[in-house]
file target-v8.txt (compact mmCIF, C-alpha atoms and all ligand atoms)
# COMPACT_ATOMS: atom_id res chain seq x y z
CA MET K 1339 84.04 -56.67 122.94
CA ALA K 1340 87.23 -57.37 124.88
CA LYS K 1341 86.73 -57.51 128.62
CA GLU K 1342 87.31 -54.13 130.24
CA LYS K 1343 90.27 -53.85 132.61
CA ILE K 1344 88.99 -52.44 135.88
CA ILE K 1345 90.84 -51.67 139.10
CA LEU K 1346 89.13 -51.66 142.46
CA THR K 1347 90.55 -51.30 145.93
CA GLY K 1348 89.93 -49.44 149.16
CA ASP K 1349 90.79 -48.73 152.76
CA ARG K 1350 88.97 -48.74 156.06
CA PRO K 1351 88.50 -45.28 157.59
CA THR K 1352 89.81 -46.35 160.99
CA GLY K 1353 92.69 -43.88 160.96
CA ARG K 1354 94.92 -41.85 158.71
CA LEU K 1355 96.84 -43.88 156.14
CA HIS K 1356 100.36 -45.04 156.90
CA ILE K 1357 103.46 -46.04 154.96
CA GLY K 1358 102.30 -49.70 155.05
CA HIS K 1359 99.26 -48.71 152.99
CA TYR K 1360 101.50 -46.66 150.78
CA VAL K 1361 103.92 -49.45 149.81
CA GLY K 1362 101.28 -52.19 150.01
CA SER K 1363 98.74 -50.63 147.71
CA LEU K 1364 98.50 -46.85 147.45
CA ARG K 1365 101.73 -46.20 145.53
CA ARG K 1366 100.80 -48.92 143.05
CA ARG K 1367 97.29 -47.58 142.56
CA VAL K 1368 98.58 -44.19 141.57
CA GLU K 1369 100.93 -45.78 139.03
CA LEU K 1370 98.13 -47.93 137.62
CA GLN K 1371 95.76 -44.97 137.49
CA ASN K 1372 98.31 -43.02 135.46
CA SER K 1373 99.45 -45.94 133.29
CA GLY K 1374 96.62 -45.64 130.80
CA LEU K 1375 96.36 -49.45 130.78
CA TYR K 1376 93.05 -49.62 132.63
CA ASP K 1377 89.60 -48.66 131.46
CA LYS K 1378 88.32 -47.68 134.90
CA THR K 1379 89.64 -47.25 138.43
CA PHE K 1380 87.40 -47.41 141.51
CA ILE K 1381 88.80 -46.53 144.92
CA PHE K 1382 86.56 -46.65 147.95
CA ILE K 1383 86.52 -45.76 151.61
CA ALA K 1384 85.18 -48.84 153.39
CA ASP K 1385 83.19 -47.18 156.17
CA ALA K 1386 80.55 -49.92 156.39
CA GLN K 1387 83.29 -52.49 156.79
CA ALA K 1388 85.03 -50.34 159.41
CA LEU K 1389 81.77 -50.29 161.38
CA THR K 1390 81.79 -54.10 161.64
CA ASP K 1391 84.44 -53.85 164.37
CA ASN K 1392 83.81 -50.24 165.43
CA MET K 1393 80.03 -50.40 165.78
CA ASP K 1394 80.20 -48.57 169.12
CA ASN K 1395 82.41 -45.83 167.75
CA PRO K 1396 80.75 -44.42 164.63
CA GLU K 1397 82.34 -41.03 165.29
CA LYS K 1398 85.80 -42.52 164.70
CA VAL K 1399 84.74 -43.86 161.32
CA ARG K 1400 82.99 -40.62 160.38
CA GLN K 1401 86.02 -38.49 161.26
CA ASN K 1402 88.40 -40.69 159.32
CA VAL K 1403 86.52 -40.70 156.02
CA ILE K 1404 87.90 -37.28 155.19
CA GLU K 1405 91.37 -38.19 156.52
CA VAL K 1406 91.56 -41.11 154.10
CA ALA K 1407 90.25 -38.98 151.23
CA LEU K 1408 92.95 -36.38 151.98
CA ASP K 1409 95.63 -39.07 152.02
CA TYR K 1410 94.38 -40.34 148.65
CA LEU K 1411 94.57 -36.95 147.02
CA ALA K 1412 97.91 -36.19 148.65
CA CYS K 1413 99.38 -39.39 147.17
CA GLY K 1414 98.19 -38.51 143.70
CA LEU K 1415 94.88 -40.31 143.27
CA ASP K 1416 93.09 -38.07 140.82
CA PRO K 1417 89.29 -37.84 140.76
CA THR K 1418 89.36 -37.03 137.06
CA LYS K 1419 90.93 -40.44 136.42
CA SER K 1420 89.61 -42.53 139.34
CA THR K 1421 86.16 -42.81 140.86
CA ILE K 1422 86.60 -42.27 144.60
CA PHE K 1423 83.54 -43.15 146.68
CA ILE K 1424 82.21 -44.13 150.11
CA GLN K 1425 81.01 -47.71 150.57
CA SER K 1426 77.93 -47.02 152.71
CA GLN K 1427 76.46 -44.74 150.04
CA ILE K 1428 76.05 -47.66 147.64
CA PRO K 1429 73.11 -49.68 149.04
CA GLU K 1430 73.35 -52.09 146.07
CA LEU K 1431 76.39 -53.59 147.81
CA CYS K 1432 74.21 -54.77 150.73
CA GLU K 1433 71.82 -56.51 148.41
CA LEU K 1434 74.61 -58.28 146.56
CA SER K 1435 76.12 -59.41 149.90
CA PHE K 1436 72.76 -60.80 150.94
CA TYR K 1437 72.60 -63.05 147.87
CA TYR K 1438 76.26 -64.05 148.10
CA MET K 1439 75.72 -65.22 151.68
CA ASP K 1440 73.82 -68.18 150.25
CA LEU K 1441 76.93 -69.25 148.35
CA VAL K 1442 79.34 -69.48 151.29
CA THR K 1443 79.39 -71.88 154.24
CA VAL K 1444 80.13 -70.95 157.85
CA SER K 1445 83.06 -73.37 157.94
CA ARG K 1446 84.56 -71.75 154.84
CA LEU K 1447 84.49 -68.37 156.60
CA GLN K 1448 85.96 -69.87 159.75
CA ARG K 1449 88.94 -71.12 157.76
CA ASN K 1450 89.88 -67.62 156.53
CA PRO K 1451 93.34 -67.03 158.07
CA THR K 1452 93.15 -63.22 157.98
CA VAL K 1453 89.76 -63.17 159.70
CA LYS K 1454 91.13 -65.62 162.29
CA THR K 1455 94.10 -63.36 163.10
CA GLU K 1456 91.95 -60.25 163.15
CA ILE K 1457 89.47 -61.87 165.55
CA GLN K 1458 92.35 -62.66 167.91
CA MET K 1459 93.80 -59.17 167.55
CA ARG K 1460 90.47 -57.63 168.51
CA ASN K 1461 89.89 -60.01 171.46
CA PHE K 1462 86.43 -60.89 170.15
CA GLU K 1463 86.79 -64.48 171.43
CA THR K 1464 83.28 -65.90 171.31
CA SER K 1465 81.45 -62.62 170.78
CA ILE K 1466 82.30 -62.06 167.14
CA PRO K 1467 79.88 -59.68 165.41
CA VAL K 1468 78.20 -61.47 162.50
CA GLY K 1469 78.96 -58.49 160.26
CA PHE K 1470 82.66 -58.78 161.02
CA PHE K 1471 82.68 -62.53 160.53
CA THR K 1472 81.05 -62.16 157.12
CA TYR K 1473 83.05 -59.18 155.89
CA PRO K 1474 84.86 -61.31 153.26
CA ILE K 1475 81.44 -61.76 151.64
CA SER K 1476 80.71 -58.07 151.64
CA GLN K 1477 84.16 -57.52 150.19
CA ALA K 1478 83.26 -59.89 147.36
CA ALA K 1479 80.24 -57.66 146.73
CA ASP K 1480 82.46 -54.56 146.64
CA ILE K 1481 84.74 -56.15 144.08
CA THR K 1482 82.17 -57.77 141.82
CA ALA K 1483 79.73 -54.84 141.79
CA PHE K 1484 82.31 -52.95 139.76
CA LYS K 1485 83.33 -55.97 137.64
CA ALA K 1486 86.87 -55.45 138.90
CA THR K 1487 89.53 -57.46 137.12
CA THR K 1488 92.48 -56.24 139.19
CA VAL K 1489 92.66 -55.65 142.94
CA PRO K 1490 95.95 -54.07 144.13
CA VAL K 1491 96.27 -54.88 147.86
CA GLY K 1492 98.69 -56.06 150.53
CA GLU K 1493 99.30 -59.72 151.30
CA ASP K 1494 96.76 -59.84 154.16
CA GLN K 1495 94.02 -59.48 151.54
CA GLU K 1496 94.92 -62.65 149.64
CA PRO K 1497 92.30 -64.84 151.40
CA MET K 1498 89.62 -62.20 150.68
CA ILE K 1499 90.32 -62.18 146.97
CA GLU K 1500 90.33 -65.98 146.93
CA GLN K 1501 86.94 -65.93 148.67
CA ALA K 1502 85.61 -63.46 146.11
CA ARG K 1503 86.84 -65.66 143.27
CA GLU K 1504 85.07 -68.67 144.75
CA ILE K 1505 81.82 -66.72 145.04
CA VAL K 1506 82.09 -65.60 141.42
CA ARG K 1507 82.71 -69.14 140.21
CA ARG K 1508 79.83 -70.53 142.24
CA PHE K 1509 77.46 -67.78 141.17
CA ASN K 1510 78.32 -68.18 137.50
CA HIS K 1511 78.06 -71.97 137.75
CA ILE K 1512 74.57 -71.83 139.24
CA TYR K 1513 73.06 -68.81 137.53
CA GLY K 1514 75.07 -68.51 134.33
CA GLU K 1515 78.05 -66.34 133.36
CA THR K 1516 77.38 -62.99 135.06
CA LEU K 1517 80.19 -61.95 137.39
CA VAL K 1518 83.86 -61.26 136.67
CA GLU K 1519 86.60 -63.15 138.51
CA PRO K 1520 89.09 -60.68 140.01
CA GLU K 1521 92.87 -61.10 140.16
CA ILE K 1522 94.94 -59.93 143.11
CA LEU K 1523 97.87 -57.64 142.35
CA LEU K 1524 100.47 -57.89 145.11
CA PRO K 1525 103.47 -55.59 145.45
CA ASP K 1526 106.44 -57.08 143.56
CA ASN K 1527 108.86 -56.05 146.33
CA ALA K 1528 108.74 -58.65 149.14
CA ALA K 1529 109.26 -56.01 151.87
CA CYS K 1530 106.06 -54.28 150.77
CA LEU K 1531 103.75 -57.29 151.02
CA ARG K 1532 103.22 -56.72 154.72
CA LEU K 1533 105.29 -53.86 156.07
CA PRO K 1534 106.05 -54.41 159.78
CA GLY K 1535 105.26 -51.79 162.42
CA THR K 1536 107.91 -49.52 163.96
CA ASP K 1537 107.77 -51.87 166.98
CA GLY K 1538 108.88 -54.79 164.80
CA LYS K 1539 105.44 -56.43 164.99
CA ALA K 1540 104.39 -58.38 161.90
CA LYS K 1541 102.14 -55.70 160.41
CA MET K 1542 102.00 -51.95 160.56
CA SER K 1543 98.36 -51.45 161.40
CA LYS K 1544 96.19 -48.54 162.43
CA SER K 1545 94.71 -50.74 165.14
CA LEU K 1546 98.13 -51.53 166.67
CA GLY K 1547 99.47 -47.97 167.00
CA ASN K 1548 102.83 -48.82 165.40
CA CYS K 1549 102.54 -46.62 162.35
CA ILE K 1550 104.36 -43.88 160.51
CA TYR K 1551 101.49 -41.93 158.99
CA LEU K 1552 101.72 -40.25 155.62
CA SER K 1553 100.60 -37.05 157.31
CA ASP K 1554 103.07 -37.18 160.23
CA SER K 1555 105.18 -34.04 160.55
CA ALA K 1556 108.88 -34.20 159.69
CA ASP K 1557 109.69 -34.15 163.43
CA GLU K 1558 107.32 -37.00 164.18
CA VAL K 1559 108.85 -39.12 161.42
CA THR K 1560 112.37 -38.46 162.74
CA LYS K 1561 111.31 -39.31 166.28
CA LYS K 1562 109.55 -42.52 165.27
CA ILE K 1563 112.52 -43.75 163.25
CA LYS K 1564 114.89 -42.93 166.13
CA SER K 1565 113.00 -45.23 168.47
CA MET K 1566 112.42 -47.97 165.92
CA TYR K 1567 112.96 -51.64 166.57
CA THR K 1568 116.25 -53.01 165.14
CA ASP K 1569 118.33 -56.03 166.17
CA PRO K 1570 118.07 -56.40 169.98
CA ASN K 1571 121.46 -58.19 170.08
CA HIS K 1572 123.29 -55.41 168.26
CA ILE K 1573 124.36 -53.59 171.40
CA ARG K 1574 127.82 -52.18 170.69
CA VAL K 1575 128.78 -50.69 167.35
CA GLU K 1576 131.43 -53.43 166.84
CA ASP K 1577 128.87 -56.22 167.25
CA PRO K 1578 127.78 -58.02 164.08
CA GLY K 1579 124.20 -57.02 163.31
CA GLN K 1580 121.29 -59.00 161.94
CA ILE K 1581 119.32 -57.88 158.89
CA GLU K 1582 116.50 -60.42 159.05
CA GLY K 1583 113.61 -59.13 161.13
CA ASN K 1584 115.41 -55.80 161.52
CA THR K 1585 112.68 -53.30 160.76
CA VAL K 1586 115.03 -50.51 159.72
CA PHE K 1587 116.39 -52.72 156.96
CA THR K 1588 112.93 -53.87 155.94
CA TYR K 1589 111.95 -50.22 155.47
CA LEU K 1590 115.14 -49.64 153.47
CA ASP K 1591 114.18 -52.61 151.28
CA ALA K 1592 110.81 -50.96 150.72
CA PHE K 1593 111.98 -47.38 150.07
CA CYS K 1594 115.70 -47.20 149.26
CA ARG K 1595 116.87 -46.64 145.69
CA PRO K 1596 120.50 -46.45 144.47
CA GLU K 1597 120.30 -42.67 143.99
CA HIS K 1598 119.65 -42.26 147.70
CA PHE K 1599 123.24 -43.33 148.35
CA GLU K 1600 124.52 -40.67 145.96
CA ARG K 1601 122.43 -38.06 147.72
CA TYR K 1602 122.73 -38.99 151.38
CA TRP K 1603 125.48 -41.55 152.02
CA ASN K 1604 128.14 -42.02 149.39
CA ASP K 1605 130.23 -44.34 151.61
CA TYR K 1606 128.25 -47.16 149.99
CA ALA K 1607 127.24 -47.85 146.39
CA ASN K 1608 124.09 -49.74 147.22
CA LEU K 1609 121.97 -51.41 149.87
CA ALA K 1610 123.82 -54.73 149.58
CA GLU K 1611 127.09 -53.04 150.59
CA LEU K 1612 125.44 -51.29 153.52
CA LYS K 1613 123.88 -54.55 154.71
CA ALA K 1614 127.21 -56.39 154.44
CA HIS K 1615 128.90 -53.79 156.67
CA TYR K 1616 126.12 -53.99 159.24
CA GLN K 1617 126.37 -57.77 159.31
CA ARG K 1618 130.18 -57.67 159.69
CA GLY K 1619 129.90 -55.28 162.62
CA GLY K 1620 131.25 -51.78 163.07
CA LEU K 1621 128.15 -49.91 161.92
CA GLY K 1622 125.84 -48.34 164.49
CA ASP K 1623 122.04 -48.29 164.28
CA MET K 1624 121.90 -44.52 164.57
CA LYS K 1625 123.77 -44.00 161.29
CA VAL K 1626 121.45 -46.36 159.44
CA LYS K 1627 118.43 -44.70 161.01
CA LYS K 1628 119.68 -41.29 159.93
CA PHE K 1629 119.93 -42.53 156.35
CA LEU K 1630 116.44 -44.03 156.52
CA THR K 1631 115.13 -40.73 157.91
CA ALA K 1632 116.56 -38.79 154.96
CA ILE K 1633 114.92 -41.19 152.50
CA MET K 1634 111.57 -41.12 154.26
CA GLN K 1635 111.53 -37.34 154.47
CA GLU K 1636 112.25 -37.09 150.74
CA GLU K 1637 109.38 -39.47 149.97
CA LEU K 1638 106.88 -37.99 152.42
CA GLU K 1639 107.55 -34.28 152.04
CA PRO K 1640 105.65 -33.81 148.74
CA ILE K 1641 102.73 -35.87 150.08
CA ARG K 1642 102.61 -33.73 153.24
CA THR K 1643 102.70 -30.51 151.22
CA ARG K 1644 99.95 -31.59 148.84
CA ARG K 1645 97.81 -32.71 151.78
CA LYS K 1646 98.09 -29.26 153.36
CA GLU K 1647 96.86 -27.72 150.10
CA PHE K 1648 93.84 -30.04 149.89
CA GLU K 1649 93.04 -29.36 153.56
CA GLN K 1650 92.28 -25.74 152.59
CA ASP K 1651 89.05 -26.73 150.81
CA ILE K 1652 87.33 -29.55 152.68
CA PRO K 1653 83.83 -28.90 151.23
CA ALA K 1654 85.29 -29.48 147.74
CA ILE K 1655 86.48 -32.91 148.87
CA TYR K 1656 83.03 -33.92 150.13
CA ASP K 1657 81.70 -32.71 146.80
CA MET K 1658 84.21 -34.85 144.91
CA LEU K 1659 83.24 -37.88 147.04
CA LYS K 1660 79.55 -37.25 146.41
CA LYS K 1661 80.11 -37.21 142.66
CA GLY K 1662 82.20 -40.38 142.96
CA CYS K 1663 79.35 -42.07 144.84
CA GLU K 1664 76.92 -41.18 142.05
CA VAL K 1665 79.13 -42.71 139.38
CA ALA K 1666 79.83 -45.78 141.53
CA ARG K 1667 76.18 -46.27 142.31
CA GLU K 1668 75.24 -46.30 138.66
CA GLN K 1669 77.77 -49.04 137.96
CA ALA K 1670 76.73 -51.11 140.99
CA ALA K 1671 73.05 -50.79 140.06
CA GLN K 1672 73.78 -52.12 136.59
CA THR K 1673 75.57 -55.18 137.99
CA LEU K 1674 72.79 -55.76 140.52
CA ASP K 1675 70.30 -55.68 137.67
CA GLU K 1676 72.24 -58.38 135.86
CA VAL K 1677 72.48 -60.42 139.08
CA ARG K 1678 68.74 -60.22 139.70
CA ARG K 1679 68.05 -61.23 136.12
CA ALA K 1680 70.44 -64.20 136.38
CA MET K 1681 68.82 -65.26 139.67
CA LYS K 1682 65.38 -64.92 138.12
CA ILE K 1683 64.09 -62.53 140.75
CA ASN K 1684 63.32 -59.76 138.27
CA TYR K 1685 59.61 -60.68 138.18
CA PHE K 1686 58.16 -57.43 136.92
CA ASP K 1687 60.59 -57.07 134.03
CA ASP K 1688 59.95 -60.60 132.91
CA ALA K 1689 57.04 -60.38 130.47
CA GLU K 1690 57.61 -63.99 129.44
CA LEU K 1691 57.19 -65.21 133.02
CA ILE K 1692 53.94 -63.29 133.44
CA ALA K 1693 52.55 -64.59 130.12
CA GLU K 1694 53.58 -68.15 130.96
CA GLN K 1695 51.92 -68.04 134.38
CA ALA K 1696 48.79 -66.58 132.81
CA ARG K 1697 48.62 -69.42 130.29
CA LYS K 1698 49.22 -72.03 133.00
CA PHE K 1699 46.38 -70.83 135.20
CA LYS K 1700 43.96 -70.43 132.28
CA ALA K 1701 44.62 -74.02 131.26
CA GLU K 1702 43.82 -75.36 134.74
P1 LIG K 1801 92.84 -51.88 160.30
O1 LIG K 1801 93.80 -52.12 161.40
O2 LIG K 1801 91.69 -50.99 160.63
O3 LIG K 1801 92.41 -53.17 159.59
P2 LIG K 1801 94.88 -51.53 158.33
O4 LIG K 1801 96.03 -50.71 158.73
O5 LIG K 1801 95.00 -53.02 158.30
O6 LIG K 1801 93.65 -51.07 159.22
P3 LIG K 1801 93.24 -51.58 155.96
O7 LIG K 1801 92.35 -50.43 155.65
O8 LIG K 1801 92.65 -52.82 156.53
O9 LIG K 1801 94.41 -51.04 156.90
O10 LIG K 1801 94.04 -51.98 154.63
C1 LIG K 1801 94.03 -51.21 153.45
C2 LIG K 1801 95.01 -51.73 152.42
O11 LIG K 1801 96.35 -51.54 152.84
C3 LIG K 1801 94.89 -53.23 152.11
O12 LIG K 1801 95.17 -53.40 150.75
C4 LIG K 1801 95.99 -53.85 152.93
O13 LIG K 1801 96.44 -55.05 152.36
C5 LIG K 1801 97.05 -52.78 152.84
N1 LIG K 1801 97.90 -52.78 154.04
C6 LIG K 1801 97.52 -52.49 155.29
N2 LIG K 1801 98.56 -52.60 156.14
C7 LIG K 1801 99.63 -52.96 155.38
C8 LIG K 1801 101.01 -53.23 155.67
N3 LIG K 1801 101.48 -53.14 156.90
N4 LIG K 1801 101.83 -53.57 154.64
C9 LIG K 1801 101.37 -53.67 153.37
N5 LIG K 1801 100.08 -53.43 153.04
C10 LIG K 1801 99.22 -53.08 154.02
MG MG K 1802 93.18 -54.30 157.89
call {"tool": "encode", "arguments": {"input": "target-v8.txt", "output": "structure tokens", "more": "lines below"}}
Ligand code: ATP
Ligand code: MG
result
Amino acid sequence: MAKEKIILTGDRPTGRLHIGHYVGSLRRRVELQNSGLYDKTFIFIADAQALTDNMDNPEKVRQNVIEVALDYLACGLDPTKSTIFIQSQIPELCELSFYYMDLVTVSRLQRNPTVKTEIQMRNFETSIPVGFFTYPISQAADITAFKATTVPVGEDQEPMIEQAREIVRRFNHIYGETLVEPEILLPDNAACLRLPGTDGKAKMSKSLGNCIYLSDSADEVTKKIKSMYTDPNHIRVEDPGQIEGNTVFTYLDAFCRPEHFERYWNDYANLAELKAHYQRGGLGDMKVKKFLTAIMQEELEPIRTRRKEFEQDIPAIYDMLKKGCEVAREQAAQTLDEVRRAMKINYFDDAELIAEQARKFKAE
């Protein structure tokens, strides 16, 4: 049988989802889900992972589970096509992590560049929670439990997928071919790999408060774009402006399509022409921001409207998640079974082992 093609990815319920999530992973997931090219799609809300750096604030995590689920549905993830579930409800993942911990060294974890940056960001210094430090291992469990072949994520997740691949190779080498090596699927548009925050900081992130949320009202979006970081040296309209590191242009790279010029700004044929004018000088930030606002509103309006509809029946969403957890758990339990068998810790199912031991002791 040909290997099944399986998608898996998720988000931490540490806040509502933002446009960085959208361009980095969410938009792609919906396309993949609807493409018919994959046998299964698993999408999960990583509450257990969120607790690794929010252990003292479980209420935040609990409140945001439903927010993330609403954002999923609003963007077009469809529970009839994708299994949407909550990480903590799948205890099999803990057991897998426990075995994988034997396959990874402390120094290997210390070298993980994303974990390094995140430790700095959170000011953990020397008091790093062990659970946080080892979250790449638990992420490997999340991925392999569902035999995922394809993981659509943003660039910051690259070291995690590499870590998961190493664990798979090591496991299979020691215990025999059991786990599936996942492939990362990065956005093909460079601006979407790691969308910067509205403050110009390297990454839009829930933890940094520099986000445009998918559920922000039209007014909030307009306000946030108005005060966005651009080129600090572009003071007068006549001044030549810089595109590189100019967040407004990065967002245009991520969202602007040629038809947007026809609809909202027919002075230019495309983004290249607009950029050239800005670089020459004579084009003010406010005009560019107005254009970006029109594009963002067009993209976000349908998401906002759908979210409002789903908000009308919250119990139905918990119900959907519960069903997703049941399906996910079945799959994870099957993989765990195979893992235990490969590791030879399935004593009671192993009639041969019992018979062999019996013979051995009789002979003595
Ligand atoms: P936190 O600050 O709690 O870590 P986050 O905003 O980084 O939250 P995650 O839940 O860690 O969000 O990430 C979920 C997914 O979204 C991952 O695939 C990640 O790569 C992607 N992602 C997050 N932020 C961005 C961004 N700014 N640009 C592109 N992709 C992103
Ligand atoms: Mg993150």
call {"tool": "closest_residue", "arguments": {"input": "target-v8.txt", "among": "K:Val1468, K:Ile1692, K:Met1498, K:Met1393", "to": "ligand MG 1802 (chain K)", "atoms": "all atoms listed in the file"}}
result
K:Met1498
call {"tool": "residues_near_ligand", "arguments": {"input": "target-v8.txt", "ligand": "ligand LIG 1801 (chain K)", "cutoff": "8 Å", "atoms": "all atoms listed in the file", "output": "MDAnalysis selection string"}}
result
chainID K and resid 1347:1353 1355:1364 1384 1388 1456 1490:1495 1530:1535 1540:1546
call {"tool": "residues_around", "arguments": {"input": "target-v8.txt", "residues": "Asp1687 (chain K)", "least_positions_apart": "5", "cutoff": "12 Å", "atoms": "only C-alpha atoms", "output": "MDAnalysis selection string"}}
result
chainID K and resid 1675:1676 1678:1679 1682 1692:1693
call {"tool": "closest_residue", "arguments": {"input": "target-v8.txt", "among": "K:Tyr1567, K:Phe1380, K:Tyr1438, K:Phe1470", "to": "ligand MG 1802 (chain K)", "atoms": "all atoms listed in the file"}}
result
K:Phe1470
call {"tool": "atom_distance", "arguments": {"input": "target-v8.txt", "atom1": "CA of Glu1649 (chain K)", "atom2": "CA of Gln1425 (chain K)"}}
result
22.1 Å
call {"tool": "atom_distance", "arguments": {"input": "target-v8.txt", "atom1": "CA of Thr1560 (chain K)", "atom2": "CA of Glu1582 (chain K)"}}
result
22.6 Å
call {"tool": "atom_distance", "arguments": {"input": "target-v8.txt", "atom1": "CA of Pro1497 (chain K)", "atom2": "CA of Arg1354 (chain K)"}}
result
24.3 Å
call {"tool": "residues_near_point", "arguments": {"input": "target-v8.txt", "point": "(98.3, -35.5, 143.5)", "cutoff": "10 Å", "atoms": "all atoms listed in the file", "output": "list in words"}}
result
Val1368, Asp1409, Tyr1410, Leu1411, Ala1412, Cys1413, Gly1414, Leu1415, Asp1416, Pro1417, Pro1640, Ile1641, Arg1644, Arg1645 and Phe1648 of chain K
call {"tool": "closest_residue", "arguments": {"input": "target-v8.txt", "among": "K:Glu1463, K:Glu1369, K:Asp1526, K:Asp1537", "to": "Lys1419 (chain K)", "atoms": "all atoms listed in the file"}}
result
K:Glu1369
call {"tool": "closest_residue", "arguments": {"input": "target-v8.txt", "among": "K:Gln1617, K:Gln1401, K:Asn1450, K:Thr1455", "to": "ligand MG 1802 (chain K)", "atoms": "all atoms listed in the file"}}
result
K:Thr1455
call {"tool": "residues_around", "arguments": {"input": "target-v8.txt", "residues": "Met1439 (chain K)", "least_positions_apart": "3", "cutoff": "10 Å", "atoms": "only C-alpha atoms", "output": "ChimeraX atom specification"}}
result
/K:1434-1436,1442-1444,1472,1475-1476,1505
